[in-house]
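Participant: What follows is a structure written as structure tokens; I'll ask about it next.
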Amino acid sequence: MDPKVLYWTGALANMIILVAIGISGVRQIRRGEVARHRRSMLTSASLVLVFIGSYVLKLIFLGREDLASWEPTYVRTLRFHELCVLLMVVGGGLALTWGRALRQSNAIFDESDSATRLRKRHRMAGRTALVAALVGVASAALVLTGMYGRS
């Protein structure tokens, strides 16, 4: 099997786990389990960082994919997937930043207007990250299907 296809299969598995942990984190916060939610979201963020590190190593040792040999549909799907990943990273980064601000200001359960606005921003960023990750998993699966077909 092509090592790049093997790498991307592992990356897809990582993203599926990341999404599952994210969904679990949403359920935890809805039950008021703030500490568990925080641990879940930090675990998801760690998985993103592990992927980024592994991607750098993949570029060094395996190089880039030869997109010239790909059908245009798969290239477009890859570009859409990359946009999903960007939205996931930006949304997750903002959610992490605003979550830390909530924790540091001890505003998690505060009912002031500023704390409420901060919680809303945190929630919206988290939702954006999770939806982008879900769509990212689906688009990654389509891209990987094309890679299996070419290998």
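Residue numbering restarts at 1 in every chain; chains get A, B, ... in the order shown in the structure tokens, and ligands count up from 1 in that same order.
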Near Lys4 in chain A, within 12 Å and counting only C-alpha atoms, which residues show up once chain neighbours fewer than 6 positions away are dropped, as an MDAnalysis selection string?

Facilitator: chainID A and resid 10:11 54:55 57:59 61:66 144 147:148 150:151

Participant: Write out as a PyMOL selection string each polymer residue whose atoms come within 9 Å of range 114-122 of chain A, counting only C-alpha atoms; drop sequence neighbours fewer than 4 positions from it.

Facilitator: chain A and resi 91+94-99+101-102+105+107-110+126-127

Participant: Please identify all polymer residues within 8 Å of Thr77 in chain A, counting only C-alpha atoms, omitting same-chain residues fewer than 3 positions from it, and present them as a list in words.

Facilitator: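 The filter keeps Thr73, Tyr74, Phe80, His81, Ser139, Leu142 and Val143 of chain A.
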
Participant: Interatomic distance between CA of Val48 in chain A and CA of Met15 in chain A?

Facilitator: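 One can read the CA of Val48 in chain A to CA of Met15 in chain A distance as 8.1 Å.
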
Participant: Which residue is closest to Ala20 in chain A? Choose from A:Met41, A:Val85, A:Leu67, A:Val75 and count only C-alpha atoms.

Facilitator: A:Met41

Participant: Please compute the CA of Ala138 in chain A-CA of Gly53 in chain A distance, one decimal, in Å.

Facilitator: 22.3 Å

Participant: When you look at Ala133 in chain A with a cut-off of 12 Å (counting only C-alpha atoms), what residues show up, excluding the ones that are within fewer than 2 positions of it in the same chain? I need them as a ChimeraX atom specification.

Facilitator: /A:12,14-23,44-45,48,80-92,126-131,135-140

Participant: Please produce a file of the residues just selected, as a CSV table (one decimal), in the first residue's frame, where the atoms kept are N, CA and C atoms.

Facilitator:
```
chain,number,residue,atom,x,y,z
A,12,LEU,N,-7.6,10.3,8.9
A,12,LEU,CA,-9.0,10.3,8.9
A,12,LEU,C,-9.5,9.6,10.2
A,14,ASN,N,-8.0,9.7,13.0
A,14,ASN,CA,-7.7,10.8,14.0
A,14,ASN,C,-8.8,11.8,14.0
A,15,MET,N,-9.3,12.2,12.9
A,15,MET,CA,-10.3,13.2,12.8
A,15,MET,C,-11.7,12.7,13.3
A,16,ILE,N,-11.9,11.4,13.0
A,16,ILE,CA,-13.2,10.8,13.5
A,16,ILE,C,-13.2,10.8,15.0
A,17,ILE,N,-12.0,10.4,15.6
A,17,ILE,CA,-11.9,10.4,17.0
A,17,ILE,C,-12.1,11.8,17.6
A,18,LEU,N,-11.5,12.8,16.9
A,18,LEU,CA,-11.6,14.2,17.3
A,18,LEU,C,-13.0,14.6,17.4
A,19,VAL,N,-13.8,14.2,16.3
A,19,VAL,CA,-15.2,14.6,16.2
A,19,VAL,C,-16.0,13.9,17.3
A,20,ALA,N,-15.7,12.6,17.6
A,20,ALA,CA,-16.4,11.9,18.6
A,20,ALA,C,-16.2,12.5,20.0
A,21,ILE,N,-15.0,12.9,20.3
A,21,ILE,CA,-14.7,13.6,21.5
A,21,ILE,C,-15.4,15.0,21.6
A,22,GLY,N,-15.4,15.7,20.5
A,22,GLY,CA,-16.1,16.9,20.4
A,22,GLY,C,-17.6,16.8,20.7
A,23,ILE,N,-18.2,15.8,20.1
A,23,ILE,CA,-19.7,15.6,20.4
A,23,ILE,C,-19.9,15.2,21.8
A,44,SER,N,-9.3,17.1,22.2
A,44,SER,CA,-9.6,17.4,20.8
A,44,SER,C,-8.5,18.3,20.2
A,45,ALA,N,-8.2,19.4,20.9
A,45,ALA,CA,-7.2,20.3,20.5
A,45,ALA,C,-5.8,19.6,20.4
A,48,VAL,N,-5.6,17.7,17.2
A,48,VAL,CA,-5.3,18.6,16.1
A,48,VAL,C,-3.8,18.9,16.0
A,80,PHE,N,-12.2,21.8,-0.7
A,80,PHE,CA,-13.3,22.1,0.2
A,80,PHE,C,-13.0,21.5,1.6
A,81,HIS,N,-12.4,20.3,1.6
A,81,HIS,CA,-11.9,19.7,2.9
A,81,HIS,C,-10.9,20.6,3.6
A,82,GLU,N,-10.0,21.2,2.9
A,82,GLU,CA,-9.0,22.1,3.5
A,82,GLU,C,-9.7,23.3,4.1
A,83,LEU,N,-10.7,23.8,3.4
A,83,LEU,CA,-11.5,24.9,4.0
A,83,LEU,C,-12.2,24.5,5.3
A,84,CYS,N,-12.7,23.3,5.3
A,84,CYS,CA,-13.4,22.8,6.5
A,84,CYS,C,-12.3,22.7,7.7
A,85,VAL,N,-11.2,22.2,7.4
A,85,VAL,CA,-10.1,22.1,8.4
A,85,VAL,C,-9.7,23.5,8.9
A,86,LEU,N,-9.6,24.5,8.0
A,86,LEU,CA,-9.3,25.8,8.4
A,86,LEU,C,-10.3,26.4,9.3
A,87,LEU,N,-11.6,26.2,9.0
A,87,LEU,CA,-12.7,26.7,9.8
A,87,LEU,C,-12.7,26.0,11.2
A,88,MET,N,-12.4,24.7,11.2
A,88,MET,CA,-12.3,23.9,12.4
A,88,MET,C,-11.2,24.5,13.3
A,89,VAL,N,-10.0,24.7,12.7
A,89,VAL,CA,-8.9,25.2,13.5
A,89,VAL,C,-9.2,26.6,14.0
A,90,VAL,N,-9.7,27.5,13.2
A,90,VAL,CA,-10.0,28.9,13.6
A,90,VAL,C,-11.1,28.9,14.7
A,91,GLY,N,-12.2,28.1,14.4
A,91,GLY,CA,-13.3,28.1,15.4
A,91,GLY,C,-12.8,27.5,16.7
A,92,GLY,N,-12.1,26.4,16.6
A,92,GLY,CA,-11.6,25.7,17.8
A,92,GLY,C,-10.6,26.6,18.6
A,126,GLY,N,-17.2,27.2,19.1
A,126,GLY,CA,-17.2,25.7,19.3
A,126,GLY,C,-18.1,25.0,18.3
A,127,ARG,N,-19.3,25.5,18.1
A,127,ARG,CA,-20.2,24.9,17.1
A,127,ARG,C,-19.6,25.0,15.7
A,128,THR,N,-19.1,26.1,15.4
A,128,THR,CA,-18.4,26.2,14.0
A,128,THR,C,-17.3,25.2,13.9
A,129,ALA,N,-16.5,25.0,14.9
A,129,ALA,CA,-15.4,24.0,14.8
A,129,ALA,C,-16.0,22.6,14.7
A,130,LEU,N,-17.0,22.3,15.4
A,130,LEU,CA,-17.6,20.9,15.4
A,130,LEU,C,-18.2,20.6,14.1
A,131,VAL,N,-19.0,21.6,13.6
A,131,VAL,CA,-19.7,21.4,12.3
A,131,VAL,C,-18.7,21.3,11.2
A,135,VAL,N,-18.2,18.0,8.7
A,135,VAL,CA,-18.2,18.1,7.2
A,135,VAL,C,-16.8,17.7,6.7
A,136,GLY,N,-15.7,18.1,7.5
A,136,GLY,CA,-14.4,17.7,7.1
A,136,GLY,C,-14.1,16.2,7.1
A,137,VAL,N,-14.8,15.5,8.0
A,137,VAL,CA,-14.6,14.0,8.0
A,137,VAL,C,-15.3,13.5,6.8
A,138,ALA,N,-16.4,13.9,6.4
A,138,ALA,CA,-17.1,13.4,5.2
A,138,ALA,C,-16.3,13.7,3.9
A,139,SER,N,-15.8,14.9,3.8
A,139,SER,CA,-15.0,15.3,2.6
A,139,SER,C,-13.7,14.5,2.6
A,140,ALA,N,-13.1,14.3,3.8
A,140,ALA,CA,-11.8,13.5,3.8
A,140,ALA,C,-12.1,12.1,3.4
```

Participant: Nearest to Ala141 in chain A: which of A:Ser24, A:Arg100, A:Arg36, A:Leu78 is it, counting only C-alpha atoms?

Facilitator: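 Comparing A:Ser24, A:Arg100, A:Arg36, A:Leu78 against Ala141 in chain A, the winner is A:Leu78.
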
Participant: Measuring atom to atom with only C-alpha atoms, identify which of A:Asp2, A:Arg31, A:Arg79, A:Gly25 is nearest to Thr43 in chain A.

Facilitator: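 Among the listed residues, A:Gly25 lies closest to Thr43 in chain A.
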
Participant: CA of Arg123 in chain A and CA of Ile29 in chain A are how many Å apart?

Facilitator: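 Separating CA of Arg123 in chain A from CA of Ile29 in chain A is a distance of 10.3 Å.
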
Participant: Can you work out which one of A:Met124, A:Asp113, A:Ile52, A:Leu6 has the shortest atom-to-atom distance to Val26 in chain A, counting only C-alpha atoms?

Facilitator: A:Met124
